[in-house]
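Have a look at work.cif below; it lists mmCIF, C-alpha atoms and all ligand atoms.
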data_start
loop_
_atom_site.label_atom_id
_atom_site.label_comp_id
_atom_site.auth_asym_id
_atom_site.auth_seq_id
_atom_site.Cartn_x
_atom_site.Cartn_y
_atom_site.Cartn_z
CA MET A 18 -32.05 -5.68 -15.99
CA LEU A 19 -33.73 -2.83 -14.10
CA PHE A 20 -34.76 -1.40 -17.39
CA VAL A 21 -36.28 -4.61 -18.70
CA CYS A 22 -38.15 -5.36 -15.48
CA GLY A 23 -39.29 -1.78 -15.15
CA PHE A 24 -40.75 -1.86 -18.62
CA SER A 25 -42.58 -5.17 -18.15
CA PRO A 26 -45.99 -3.41 -18.06
CA PHE A 27 -45.36 -2.16 -21.60
CA PHE A 28 -44.74 -5.73 -22.74
CA LYS A 29 -48.20 -6.50 -21.36
CA VAL A 30 -49.82 -3.57 -23.14
CA PHE A 31 -48.24 -4.31 -26.49
CA TYR A 32 -48.04 -8.09 -26.49
CA GLY A 33 -51.02 -9.16 -24.31
CA ILE A 34 -50.30 -11.42 -21.34
CA SER A 35 -46.68 -12.29 -21.56
CA PRO A 36 -45.61 -15.73 -20.38
CA PHE A 37 -43.05 -13.84 -18.30
CA ALA A 38 -45.59 -11.44 -16.74
CA PHE A 39 -45.72 -13.25 -13.44
CA GLN A 40 -41.94 -13.35 -13.12
CA PHE A 41 -41.62 -9.67 -14.06
CA ARG A 42 -44.09 -8.69 -11.35
CA GLN A 43 -42.20 -10.76 -8.80
CA LEU A 44 -38.98 -9.16 -9.94
CA ASN A 45 -40.45 -5.66 -9.68
CA ILE A 46 -41.49 -6.36 -6.11
CA PHE A 47 -38.11 -7.84 -5.35
CA LEU A 48 -36.31 -4.81 -6.83
CA SER A 49 -38.48 -2.31 -4.96
CA ALA A 50 -38.06 -4.18 -1.69
CA SER A 51 -34.27 -4.25 -2.30
CA LEU A 52 -34.19 -0.50 -2.93
CA LEU A 53 -36.23 0.11 0.21
CA ALA A 54 -33.77 -2.06 2.16
CA PHE A 55 -30.86 -0.25 0.50
CA THR A 56 -32.31 3.10 1.61
CA ALA A 57 -32.61 1.74 5.14
CA VAL A 58 -28.97 0.54 5.05
CA VAL A 59 -27.76 3.97 3.91
CA THR A 60 -29.72 5.68 6.66
CA LEU A 61 -28.32 3.25 9.21
CA PHE A 62 -24.80 3.80 7.81
CA ARG A 63 -25.13 7.55 8.19
CA TRP A 64 -26.53 7.16 11.67
CA LEU A 65 -23.70 4.85 12.72
CA THR A 66 -21.07 7.22 11.31
CA PHE A 67 -22.77 10.17 13.02
CA GLU A 68 -23.23 11.79 9.67
CA TRP A 69 -25.79 14.50 9.30
CA PHE A 70 -28.86 13.37 7.38
CA PRO A 71 -31.44 16.16 7.19
CA LYS A 72 -34.88 14.80 8.08
CA GLY A 73 -36.32 16.17 4.82
CA GLU A 74 -33.87 14.10 2.77
CA ALA A 75 -34.56 10.92 4.73
CA VAL A 76 -38.34 11.41 4.38
CA MET A 77 -37.93 12.00 0.63
CA LEU A 78 -35.85 8.82 0.11
CA PHE A 79 -38.17 6.62 2.16
CA SER A 80 -41.30 8.02 0.52
CA LEU A 81 -39.83 7.32 -2.92
CA ALA A 82 -38.85 3.78 -1.95
CA ALA A 83 -42.31 3.10 -0.45
CA LEU A 84 -44.03 4.51 -3.54
CA LEU A 85 -41.86 2.26 -5.67
CA LEU A 86 -42.88 -0.80 -3.69
CA TYR A 87 -46.54 0.21 -3.93
CA SER A 88 -46.34 0.72 -7.70
CA SER A 89 -44.74 -2.68 -8.15
CA VAL A 90 -47.63 -4.37 -6.34
CA LYS A 91 -50.49 -2.40 -7.93
CA PRO A 92 -50.86 -3.26 -11.64
CA SER A 93 -52.52 0.12 -12.29
CA CYS A 94 -49.35 1.89 -11.13
CA HIS A 95 -46.90 -0.25 -13.12
CA ILE A 96 -46.42 2.54 -15.57
CA LEU A 97 -44.79 4.63 -12.83
CA PHE A 98 -42.24 1.97 -12.00
CA PRO A 99 -39.33 2.79 -14.36
CA GLY A 100 -39.64 6.52 -13.71
CA LEU A 101 -39.70 6.00 -9.95
CA ILE A 102 -36.58 3.82 -10.05
CA CYS A 103 -34.73 6.55 -11.95
CA VAL A 104 -35.93 9.30 -9.58
CA LEU A 105 -34.99 7.26 -6.50
CA LEU A 106 -31.51 6.42 -7.76
CA TYR A 107 -30.88 10.00 -8.87
CA THR A 108 -32.12 11.43 -5.56
CA PHE A 109 -29.99 8.93 -3.69
CA TRP A 110 -26.91 9.85 -5.75
CA ARG A 111 -27.52 13.60 -5.25
CA ILE A 112 -27.93 13.26 -1.49
CA GLN A 113 -25.48 10.56 -0.52
CA VAL A 114 -22.80 10.35 -3.18
CA ARG A 115 -22.49 13.84 -4.60
CA GLY A 116 -23.80 16.08 -1.84
CA PRO A 117 -24.00 19.84 -2.19
CA LYS A 118 -21.27 21.53 -4.24
CA PRO A 119 -19.15 24.37 -2.86
CA ARG A 120 -20.86 27.69 -3.47
CA LYS A 121 -19.66 31.20 -4.35
CA LEU A 122 -15.97 30.34 -4.56
CA LEU A 123 -13.55 33.26 -4.33
CA GLU A 124 -10.87 34.00 -6.88
CA LEU A 125 -7.57 33.05 -5.23
CA GLN A 126 -5.07 34.44 -7.75
CA ASP A 127 -2.93 36.36 -5.27
CA GLN A 128 -3.13 33.84 -2.49
CA VAL A 129 -0.73 31.21 -1.14
CA PHE A 130 -2.24 28.03 0.31
CA VAL A 131 -0.52 25.28 2.28
CA ILE A 132 -2.38 21.96 1.93
CA THR A 133 -1.21 18.91 3.84
CA GLY A 134 -1.55 15.31 2.67
CA CYS A 135 -2.60 16.08 -0.88
CA ASN A 136 -0.82 13.29 -2.72
CA SER A 137 -3.76 10.96 -2.12
CA GLY A 138 -7.54 10.85 -1.68
CA ILE A 139 -9.56 13.94 -0.81
CA GLY A 140 -6.44 16.11 -0.59
CA VAL A 141 -5.63 15.68 -4.28
CA GLU A 142 -9.02 17.01 -5.34
CA THR A 143 -8.89 19.78 -2.74
CA ALA A 144 -5.50 20.92 -4.07
CA ARG A 145 -6.82 20.70 -7.63
CA SER A 146 -9.82 22.92 -6.85
CA ILE A 147 -7.74 25.47 -4.96
CA ALA A 148 -5.17 25.55 -7.80
CA ASP A 149 -8.05 25.88 -10.24
CA ARG A 150 -9.10 29.10 -8.49
CA GLY A 151 -5.60 30.43 -9.23
CA ALA A 152 -3.82 30.08 -5.87
CA HIS A 153 -0.17 29.25 -5.37
CA VAL A 154 -0.46 25.79 -3.82
CA ILE A 155 2.20 24.34 -1.54
CA MET A 156 1.57 20.63 -1.37
CA ALA A 157 2.88 19.61 2.06
CA CYS A 158 3.36 15.89 1.57
CA ARG A 159 5.37 13.14 3.15
CA THR A 160 7.46 12.29 0.12
CA ARG A 161 8.16 13.77 -3.28
CA LYS A 162 8.02 10.32 -4.80
CA THR A 163 4.23 10.16 -4.48
CA ALA A 164 3.51 13.91 -4.48
CA ASP A 165 5.47 15.03 -7.58
CA PRO A 166 3.36 13.05 -10.09
CA VAL A 167 0.18 14.44 -8.46
CA ALA A 168 1.56 18.00 -8.67
CA ARG A 169 2.31 17.49 -12.37
CA ASP A 170 -1.21 16.15 -12.92
CA ILE A 171 -2.78 19.15 -11.12
CA ILE A 172 -0.66 21.58 -13.15
CA ALA A 173 -1.72 19.84 -16.37
CA SER A 174 -5.43 19.78 -15.50
CA THR A 175 -5.69 23.33 -14.14
CA GLY A 176 -3.08 25.14 -16.22
CA ASN A 177 -1.79 26.69 -12.98
CA SER A 178 1.98 26.17 -12.81
CA ARG A 179 2.24 27.55 -9.26
CA VAL A 180 1.80 24.16 -7.62
CA GLU A 181 4.81 22.75 -5.80
CA VAL A 182 5.71 20.07 -3.31
CA VAL A 183 7.49 20.70 -0.01
CA GLU A 184 8.12 17.65 2.12
CA LEU A 185 6.39 17.38 5.48
CA ASP A 186 6.09 14.35 7.73
CA LEU A 187 3.61 15.01 10.50
CA GLY A 188 4.92 11.96 12.31
CA SER A 189 8.07 13.90 13.19
CA PHE A 190 8.31 17.23 15.01
CA ALA A 191 11.72 17.80 13.39
CA SER A 192 10.15 17.50 9.92
CA VAL A 193 7.34 19.93 10.84
CA ARG A 194 9.90 22.46 12.10
CA LYS A 195 12.02 22.06 8.97
CA PHE A 196 8.91 22.56 6.83
CA THR A 197 7.83 25.77 8.57
CA GLU A 198 11.40 27.13 8.44
CA GLU A 199 11.46 26.60 4.68
CA ILE A 200 8.08 28.30 4.21
CA HIS A 201 9.28 31.26 6.32
CA LYS A 202 12.42 31.55 4.19
CA ARG A 203 10.52 31.51 0.92
CA PHE A 204 7.27 33.38 1.59
CA GLU A 205 6.53 36.77 3.11
CA SER A 206 3.00 35.70 3.94
CA ILE A 207 0.48 32.94 3.33
CA ASP A 208 -3.29 33.17 3.07
CA GLY A 209 -4.67 29.74 3.80
CA VAL A 210 -3.77 26.49 5.52
CA ILE A 211 -5.77 23.35 4.84
CA SER A 212 -4.88 20.64 7.32
CA ASN A 213 -6.09 17.61 5.43
CA ALA A 214 -3.49 14.92 6.18
CA GLY A 215 -4.69 12.17 8.44
CA VAL A 216 -3.97 8.62 9.31
CA MET A 217 -5.85 5.59 10.64
CA LYS A 218 -3.84 2.83 12.28
CA LEU A 219 -5.21 -0.58 12.97
CA GLY A 220 -2.68 -1.34 15.67
CA TYR A 221 -0.87 0.68 18.33
CA THR A 222 2.24 2.34 16.86
CA GLU A 223 4.45 5.21 18.02
CA THR A 224 6.21 7.94 16.09
CA VAL A 225 9.86 8.93 16.44
CA ASP A 226 8.66 11.43 19.06
CA ARG A 227 7.22 8.55 21.11
CA LEU A 228 3.59 9.54 20.72
CA GLU A 229 0.78 7.33 19.46
CA THR A 230 0.85 7.82 15.66
CA MET A 231 -2.77 8.94 15.08
CA MET A 232 -2.62 11.37 17.99
CA GLN A 233 0.56 12.96 16.67
CA VAL A 234 -0.32 13.09 12.96
CA ASN A 235 -4.00 14.04 13.33
CA CYS A 236 -3.62 16.46 16.24
CA VAL A 237 -0.31 17.29 17.95
CA SER A 238 1.70 17.98 14.78
CA VAL A 239 -1.20 20.01 13.40
CA TYR A 240 -0.80 22.28 16.44
CA LEU A 241 2.95 22.57 15.83
CA LEU A 242 2.42 23.28 12.14
CA LEU A 243 -0.19 25.96 12.83
CA MET A 244 1.93 27.65 15.47
CA GLY A 245 4.74 27.79 12.92
CA LEU A 246 2.53 29.17 10.14
CA ILE A 247 0.29 31.62 12.06
CA PRO A 248 2.95 34.40 11.96
CA LEU A 249 2.85 34.16 8.15
CA LEU A 250 -0.97 34.04 8.10
CA CYS A 251 -0.98 37.22 10.20
CA LYS A 252 0.84 38.99 7.36
CA SER A 253 -1.82 38.03 4.80
CA LYS A 254 -3.37 41.04 3.11
CA ILE A 255 -6.48 39.40 1.67
CA PRO A 256 -9.63 41.41 2.45
CA GLY A 257 -11.69 38.75 4.27
CA GLY A 258 -8.72 37.57 6.33
CA PRO A 259 -6.75 34.30 6.07
CA ARG A 260 -8.31 30.93 6.81
CA ILE A 261 -7.31 27.77 8.61
CA THR A 262 -9.38 24.76 7.52
CA LEU A 263 -9.13 21.59 9.57
CA VAL A 264 -10.34 18.31 8.10
CA GLY A 265 -11.83 16.48 11.07
CA SER A 266 -14.10 13.50 11.29
CA ASN A 267 -17.49 12.64 12.67
CA MET A 268 -15.73 9.93 14.66
CA HIS A 269 -14.84 12.66 17.15
CA LYS A 270 -18.51 12.71 18.16
CA ARG A 271 -18.22 9.06 19.21
CA ALA A 272 -15.26 9.98 21.41
CA CYS A 273 -17.37 12.72 22.92
CA LEU A 274 -20.58 10.84 23.41
CA GLU A 275 -19.42 7.29 24.11
CA GLN A 276 -15.97 7.68 25.68
CA GLY A 277 -16.78 10.56 27.98
CA GLY A 278 -14.64 13.14 26.14
CA PHE A 279 -10.91 13.53 25.65
CA ASP A 280 -9.00 10.76 27.38
CA PHE A 281 -6.08 12.63 28.98
CA GLU A 282 -5.01 9.56 30.88
CA ASN A 283 -4.36 7.27 27.92
CA ASN A 284 -3.90 9.41 24.81
CA PHE A 285 -0.38 10.52 25.63
CA SER A 286 0.93 7.67 27.69
CA ALA A 287 2.30 4.22 26.88
CA LYS A 288 -0.63 2.90 28.93
CA GLY A 289 -2.77 3.78 25.91
CA GLU A 290 -1.64 0.56 24.29
CA ASP A 291 -3.75 -1.42 26.78
CA VAL A 292 -6.99 0.32 25.79
CA PHE A 293 -6.08 0.82 22.14
CA SER A 294 -8.62 0.34 19.39
CA MET A 295 -8.48 2.06 16.03
CA VAL A 296 -11.96 3.55 16.34
CA ARG A 297 -11.20 4.82 19.83
CA PHE A 298 -7.83 6.45 19.11
CA TYR A 299 -8.81 7.82 15.71
CA GLY A 300 -11.89 9.40 17.29
CA GLN A 301 -9.83 10.73 20.20
CA SER A 302 -7.26 12.28 17.83
CA LYS A 303 -10.03 14.03 15.89
CA LEU A 304 -11.65 15.16 19.13
CA GLY A 305 -8.24 16.59 20.04
CA LEU A 306 -8.33 18.52 16.76
CA GLU A 307 -11.76 19.94 17.63
CA LEU A 308 -10.58 21.03 21.07
CA LEU A 309 -7.49 22.55 19.47
CA LYS A 310 -9.74 24.54 17.14
CA LYS A 311 -11.92 25.72 19.99
CA GLU A 312 -9.00 27.00 22.04
CA LEU A 313 -7.24 28.48 19.02
CA VAL A 314 -10.35 30.46 18.11
CA ARG A 315 -10.58 31.75 21.68
CA ARG A 316 -6.92 32.75 21.83
CA LEU A 317 -6.91 34.42 18.41
CA GLU A 318 -9.95 36.45 19.42
CA LEU A 319 -8.30 37.45 22.70
CA LYS A 320 -5.23 38.65 20.80
CA GLY A 321 -7.37 40.44 18.23
CA ILE A 322 -5.98 38.33 15.37
CA ASN A 323 -8.30 37.97 12.40
CA ILE A 324 -7.85 34.39 11.20
CA GLN A 325 -10.90 32.24 10.48
CA VAL A 326 -10.56 28.75 11.88
CA ASN A 327 -13.13 26.15 10.89
CA SER A 328 -13.30 22.38 10.80
CA LEU A 329 -15.36 19.88 8.88
CA ASN A 330 -16.34 16.34 8.16
CA PRO A 331 -15.74 15.48 4.49
CA GLY A 332 -18.27 12.62 4.42
CA THR A 333 -17.38 8.97 3.96
CA ILE A 334 -15.04 8.32 1.11
CA VAL A 335 -13.37 5.13 -0.02
CA SER A 336 -9.72 6.16 0.02
CA ASN A 337 -6.25 5.12 1.10
CA ILE A 338 -7.18 5.97 4.68
CA SER A 339 -7.87 2.25 5.05
CA ARG A 340 -4.43 1.24 3.70
CA ASP A 341 -3.53 -0.27 7.05
CA PHE A 342 -6.55 -2.58 7.02
CA PRO A 343 -6.14 -6.25 6.05
CA SER A 344 -5.84 -6.49 2.27
CA PHE A 345 -8.92 -8.71 1.94
CA LEU A 346 -11.04 -5.89 3.44
CA ASN A 347 -9.62 -3.38 0.95
CA LYS A 348 -10.57 -5.76 -1.84
CA PHE A 349 -14.23 -5.23 -0.93
CA HIS A 350 -14.13 -1.46 -1.43
CA TRP A 351 -16.42 -1.83 -4.42
CA LEU A 352 -19.15 -3.08 -2.08
CA ILE A 353 -19.35 0.15 -0.11
CA GLN A 354 -18.36 2.48 -2.95
CA PRO A 355 -22.01 3.01 -4.05
CA ILE A 356 -22.93 4.51 -0.67
CA ASN A 357 -19.78 6.64 -0.38
CA LYS A 358 -18.57 9.88 -1.86
CA THR A 359 -15.76 9.96 -4.40
CA ALA A 360 -12.49 11.81 -3.69
CA LYS A 361 -13.87 14.71 -5.76
CA THR A 362 -17.25 14.98 -4.06
CA GLY A 363 -15.50 14.30 -0.73
CA SER A 364 -13.42 17.46 -1.26
CA TYR A 365 -16.48 19.72 -1.69
CA THR A 366 -16.92 20.68 1.96
CA THR A 367 -13.18 21.38 2.43
CA VAL A 368 -13.13 23.61 -0.65
CA HIS A 369 -16.32 25.36 0.47
CA VAL A 370 -14.90 26.11 3.93
CA ALA A 371 -11.49 27.18 2.58
CA ALA A 372 -12.62 29.33 -0.30
CA SER A 373 -16.29 30.20 -0.29
CA GLN A 374 -17.52 33.75 0.05
CA GLU A 375 -20.35 32.32 2.18
CA VAL A 376 -17.88 31.34 4.91
CA GLU A 377 -16.44 34.86 5.22
CA GLY A 378 -16.59 36.04 8.83
CA ILE A 379 -17.34 32.57 10.24
CA THR A 380 -14.89 31.17 12.75
CA GLY A 381 -15.15 28.17 15.07
CA GLY A 382 -17.63 26.53 12.70
CA TRP A 383 -18.16 22.82 12.03
CA PHE A 384 -19.22 21.97 8.50
CA GLU A 385 -20.84 18.91 6.95
CA HIS A 386 -22.20 18.81 3.41
CA CYS A 387 -21.09 22.45 2.93
CA THR A 388 -23.34 23.53 5.83
CA ASN A 389 -22.30 25.00 9.17
CA LEU A 390 -23.65 22.59 11.79
CA LYS A 391 -21.87 23.99 14.80
CA GLN A 392 -25.08 24.02 16.79
CA ALA A 393 -25.57 20.28 16.25
CA LEU A 394 -22.20 19.31 17.79
CA PRO A 395 -22.04 17.57 21.15
CA VAL A 396 -21.10 19.88 23.99
CA TYR A 397 -17.46 19.57 25.04
CA ASP A 398 -16.08 20.11 28.46
CA THR A 399 -14.82 23.67 28.15
CA ASP A 400 -11.86 23.07 30.46
CA ASP A 401 -10.64 20.20 28.25
CA ALA A 402 -9.70 22.54 25.41
CA ALA A 403 -7.51 24.67 27.66
CA LYS A 404 -6.04 21.59 29.34
CA LEU A 405 -5.15 20.03 25.98
CA TRP A 406 -3.68 23.30 24.73
CA ALA A 407 -1.34 23.44 27.73
CA LEU A 408 -0.29 19.85 27.02
CA LEU A 409 0.35 20.63 23.36
CA GLU A 410 2.52 23.58 24.36
CA THR A 411 4.60 21.32 26.59
CA LYS A 412 4.86 18.45 24.10
CA THR A 413 5.94 20.65 21.20
CA ASN A 414 7.69 23.42 23.11
CA MET A 415 5.83 25.94 20.98
CA VAL A 416 3.43 28.71 22.01
CA LEU A 417 1.14 31.07 20.12
N1 LIG A 501 -12.06 8.84 3.92
C1 LIG A 501 -13.00 9.12 4.79
O1 LIG A 501 -14.09 8.52 4.77
C2 LIG A 501 -12.80 10.20 5.81
C3 LIG A 501 -13.85 10.47 6.70
C4 LIG A 501 -13.68 11.47 7.64
C5 LIG A 501 -12.50 12.18 7.67
N2 LIG A 501 -11.48 11.89 6.81
C6 LIG A 501 -10.25 12.68 6.89
O2 LIG A 501 -9.96 13.20 5.62
C7 LIG A 501 -8.55 13.43 5.51
C8 LIG A 501 -8.04 12.87 4.19
O3 LIG A 501 -8.23 11.47 4.20
P1 LIG A 501 -8.37 10.57 2.88
O4 LIG A 501 -9.61 9.81 3.04
O5 LIG A 501 -8.15 11.38 1.67
O6 LIG A 501 -7.19 9.54 3.12
P2 LIG A 501 -5.83 9.26 2.33
O7 LIG A 501 -6.11 9.04 0.89
O8 LIG A 501 -5.14 8.20 3.08
O9 LIG A 501 -5.04 10.63 2.48
C9 LIG A 501 -4.39 10.96 3.68
C10 LIG A 501 -3.24 11.87 3.37
O10 LIG A 501 -2.58 12.16 4.61
C11 LIG A 501 -1.20 11.93 4.41
N3 LIG A 501 -0.47 11.55 5.61
C12 LIG A 501 -0.64 10.45 6.36
N4 LIG A 501 0.29 10.41 7.32
C13 LIG A 501 1.07 11.50 7.15
C14 LIG A 501 2.20 12.02 7.81
N5 LIG A 501 2.76 11.39 8.83
N6 LIG A 501 2.74 13.17 7.36
C15 LIG A 501 2.21 13.83 6.30
N7 LIG A 501 1.14 13.39 5.63
C16 LIG A 501 0.58 12.23 6.06
C17 LIG A 501 -1.12 10.81 3.40
O11 LIG A 501 0.17 10.78 2.84
P3 LIG A 501 0.86 9.37 2.42
O12 LIG A 501 0.17 8.95 1.16
O13 LIG A 501 2.29 9.70 2.24
O14 LIG A 501 0.63 8.44 3.55
C18 LIG A 501 -2.21 11.22 2.44
O15 LIG A 501 -1.75 12.18 1.55
C19 LIG A 501 -7.92 12.78 6.74
O16 LIG A 501 -7.66 13.79 7.69
C20 LIG A 501 -9.01 11.87 7.26
O17 LIG A 501 -8.91 11.67 8.65
C21 LIG A 501 -11.61 10.91 5.87
#
Step by step, read the file and then write its structure as structure tokens.
Amino acid sequence: MLFVCGFSPFFKVFYGISPFAFQFRQLNIFLSASLLAFTAVVTLFRWLTFEWFPKGEAVMLFSLAALLLYSSVKPSCHILFPGLICVLLYTFWRIQVRGPKPRKLLELQDQVFVITGCNSGIGVETARSIADRGAHVIMACRTRKTADPVARDIIASTGNSRVEVVELDLGSFASVRKFTEEIHKRFESIDGVISNAGVMKLGYTETVDRLETMMQVNCVSVYLLLMGLIPLLCKSKIPGGPRITLVGSNMHKRACLEQGGFDFENNFSAKGEDVFSMVRFYGQSKLGLELLKKELVRRLELKGINIQVNSLNPGTIVSNISRDFPSFLNKFHWLIQPINKTAKTGSYTTVHVAASQEVEGITGGWFEHCTNLKQALPVYDTDDAAKLWALLETKTNMVL
């Protein structure tokens, strides 16, 4: 359709005034106006999700869309129309859907990586890329039933047979402890931890440890897991030092900017149910993860431990993260798919942070689109990080 309409000027040139000429021109204008509106929707979407959109990229997209509209109105510019449509769609795909690829990836042959939640979504592609670089990958997943087939698929596609599943349920402190005990028994050291697992709950639910589910899975259990694994990371012998990579979310910025920071009053108490909303608690749990990172970086530096700790936003990806949503909403995934990343392109920033030479020596960073944007983050209350850390110590009975 686009093709036919775009080439309508050629019909004119070769066949004289086509009886459809008027309709083609109207269609061209309609298409250009739609693409301009589409560009505006994408920009709005990124703005609403607090996603970084470099000004240069926005200017480029809008200029292209405006030029397209102009060329559809001006008969003398009709010839540009098909080319402009292609350039706009390609630019849009490069910026919004694909994003920058991870750069200068290290060889990971002698390294052991723990990756959580990699039986689904972004985690699968992250594990595949890390396995592809040669690492021994421990897939820390909730159940073998869903993780084993993924492990087999990764082994088949990468040819790396050192990919295995060890069960880990972040919704249970007992499971996290059992997991770390097993890793201690089997490995002398590990070189990387990618905390990717995450959950979004539409309603208020509690774990077996009586904490709100998102807060425990996305934050508290991550603390417990890291405290269990840091002794093994300390024994890593890789030259640049081991890395902890935390998959966060831009939603934490909302918690910071709109909810006045970390909500100590409600996040850990049954009272939270009264103020519960998915957006609020998800954002709070990811803000907790950011504060955890901040304090961890400070404490590691104080102790002179060389572990790089960075966090990131993977972008917006249509994935199973919305599994808890009403099924009719999940049926409309195809509607937002064109303005979202795929699981593969959504894994790019995680892989970049976990394995790029460019990230060597960086700690405490916040990455989006494979770029360190730490400076662009909202300013947190510095005392909150220490206060949360103390709470995490008490809740999990575990210290660094
Ligand atoms: N999708 C997005 O647009 C987006 C945006 C920003 C940030 N993120 C973050 O990206 C990460 C990956 O999300 P995704 O989009 O790939 O979603 P996903 O497909 O739902 O993957 C989430 C993974 O976390 C695991 N998980 C959930 N609860 C767990 C628990 N209690 N114990 C252990 N593992 C658990 C899931 O395992 P099961 O299959 O067993 O449940 C799954 O493997 C999450 O941290 C998410 O918050 C996603």
* Kindly work out which residues sit at most 6 Å from ligand LIG 501 (chain A), using all atoms listed in the file, and give the list as a PyMOL selection string. => chain A and resi 134-140+158-159+185-188+213-216+234+264-266+330-338
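The space separating CA of Asn347 (chain A) from CA of Val296 (chain A) comes to 17.0 Å.
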* Excluding Thr197 (chain A) and residues on its chain fewer than 6 positions from it, collect all residues at most 9 Å away from it, counting all atoms listed in the file, and give them as an NGL selection string. => :A and (242 or 245-246)
The centre and edge lengths of an axis-aligned box containing all atoms of region 267-270 of chain A present in the file, extended by 3 Å on each side, are to be given in Å to one decimal, as JSON.
{"center_x": -16.7, "center_y": 11.3, "center_z": 15.4, "size_x": 9.7, "size_y": 8.8, "size_z": 11.5}
* Just the residues within 10 Å of Gly258 (chain A), please, counting only C-alpha atoms, with nothing from its chain fewer than 3 positions along; format it as a ChimeraX atom specification. => /A:208-209,250-255,322-325,377-378
Could you please take those selected residues and save C-alpha atoms as a short mmCIF file (atom, residue, chain, number, x, y, z; two decimals), in the coordinates of the input?
data_model
loop_
_atom_site.label_atom_id
_atom_site.label_comp_id
_atom_site.auth_asym_id
_atom_site.auth_seq_id
_atom_site.Cartn_x
_atom_site.Cartn_y
_atom_site.Cartn_z
CA ASP A 208 -3.29 33.17 3.07
CA GLY A 209 -4.67 29.74 3.80
CA LEU A 250 -0.97 34.04 8.10
CA CYS A 251 -0.98 37.22 10.20
CA LYS A 252 0.84 38.99 7.36
CA SER A 253 -1.82 38.03 4.80
CA LYS A 254 -3.37 41.04 3.11
CA ILE A 255 -6.48 39.40 1.67
CA ILE A 322 -5.98 38.33 15.37
CA ASN A 323 -8.30 37.97 12.40
CA ILE A 324 -7.85 34.39 11.20
CA GLN A 325 -10.90 32.24 10.48
CA GLU A 377 -16.44 34.86 5.22
CA GLY A 378 -16.59 36.04 8.83
#
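If you look at CA of Ala54 (chain A) and CA of Ser339 (chain A), they are 26.4 Å away from each other.
When only C-alpha atoms are used to measure the gap to Val183 (chain A), the shortest distance among A:Met415, A:Ile132, A:Ala148, A:Leu409 belongs to A:Ile132.
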Spatial neighbours of Phe293 (chain A), max dist 9 Å, all atoms listed in the file, sep filter under 5 positions, as a PDB file with C-alpha atoms, keeping the file's coordinate frame:
ATOM      1  CA  GLY A 220      -2.680  -1.340  15.670  1.00  0.00           C
ATOM      2  CA  TYR A 221      -0.870   0.680  18.330  1.00  0.00           C
ATOM      3  CA  ASN A 283      -4.360   7.270  27.920  1.00  0.00           C
ATOM      4  CA  LYS A 288      -0.630   2.900  28.930  1.00  0.00           C
ATOM      5  CA  PHE A 298      -7.830   6.450  19.110  1.00  0.00           C
TER       6      PHE A 298
END
* To do: Write out as a count of residues only each polymer residue whose atoms come within 9 Å of Asn284 (chain A), counting all atoms listed in the file; drop sequence neighbours fewer than 4 positions from it.
  => 10
* Asked: With only C-alpha atoms as the atoms that count, which of A:Val59, A:Leu346, A:Leu101, A:Val131 lies nearest to Ser206 (chain A)?
  -> A:Val131
* **Two-atom distance - CA of Cys94 (chain A), CA of Arg111 (chain A) (Å)** =>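 One can read the CA of Cys94 (chain A) to CA of Arg111 (chain A) distance as 25.5 Å.
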With a cut-off of 7 Å, could you pull out the residues of region 56-165 of chain A touching region 383-404 of chain A and give me the nearest pair of atoms for each, distance in Å to one decimal, using all atoms listed in the file, ordered by chain and ascending number, as JSON lines?
{"residue": "A:Gly116", "atom": "CA", "partner": "A:His386", "partner_atom": "CA", "distance": 6.1}
{"residue": "A:Pro117", "atom": "CA", "partner": "A:His386", "partner_atom": "CA", "distance": 6.0}
{"residue": "A:Pro119", "atom": "CA", "partner": "A:Cys387", "partner_atom": "CA", "distance": 6.4}
Taking (-16.2, 11.3, 23.3) as a centre in this file's frame and 10 Å as the limit, can you find every polymer residue with an atom that close, using only C-alpha atoms, and give them as a PDB file with C-alpha atoms, in the frame of the given file?
ATOM      1  CA  MET A 268     -15.730   9.930  14.660  1.00  0.00           C
ATOM      2  CA  HIS A 269     -14.840  12.660  17.150  1.00  0.00           C
ATOM      3  CA  LYS A 270     -18.510  12.710  18.160  1.00  0.00           C
ATOM      4  CA  ARG A 271     -18.220   9.060  19.210  1.00  0.00           C
ATOM      5  CA  ALA A 272     -15.260   9.980  21.410  1.00  0.00           C
ATOM      6  CA  CYS A 273     -17.370  12.720  22.920  1.00  0.00           C
ATOM      7  CA  LEU A 274     -20.580  10.840  23.410  1.00  0.00           C
ATOM      8  CA  GLU A 275     -19.420   7.290  24.110  1.00  0.00           C
ATOM      9  CA  GLN A 276     -15.970   7.680  25.680  1.00  0.00           C
ATOM     10  CA  GLY A 277     -16.780  10.560  27.980  1.00  0.00           C
ATOM     11  CA  GLY A 278     -14.640  13.140  26.140  1.00  0.00           C
ATOM     12  CA  PHE A 279     -10.910  13.530  25.650  1.00  0.00           C
ATOM     13  CA  ASP A 280      -9.000  10.760  27.380  1.00  0.00           C
ATOM     14  CA  ARG A 297     -11.200   4.820  19.830  1.00  0.00           C
ATOM     15  CA  GLY A 300     -11.890   9.400  17.290  1.00  0.00           C
ATOM     16  CA  GLN A 301      -9.830  10.730  20.200  1.00  0.00           C
ATOM     17  CA  LEU A 304     -11.650  15.160  19.130  1.00  0.00           C
ATOM     18  CA  PRO A 395     -22.040  17.570  21.150  1.00  0.00           C
ATOM     19  CA  VAL A 396     -21.100  19.880  23.990  1.00  0.00           C
ATOM     20  CA  TYR A 397     -17.460  19.570  25.040  1.00  0.00           C
TER      21      TYR A 397
END
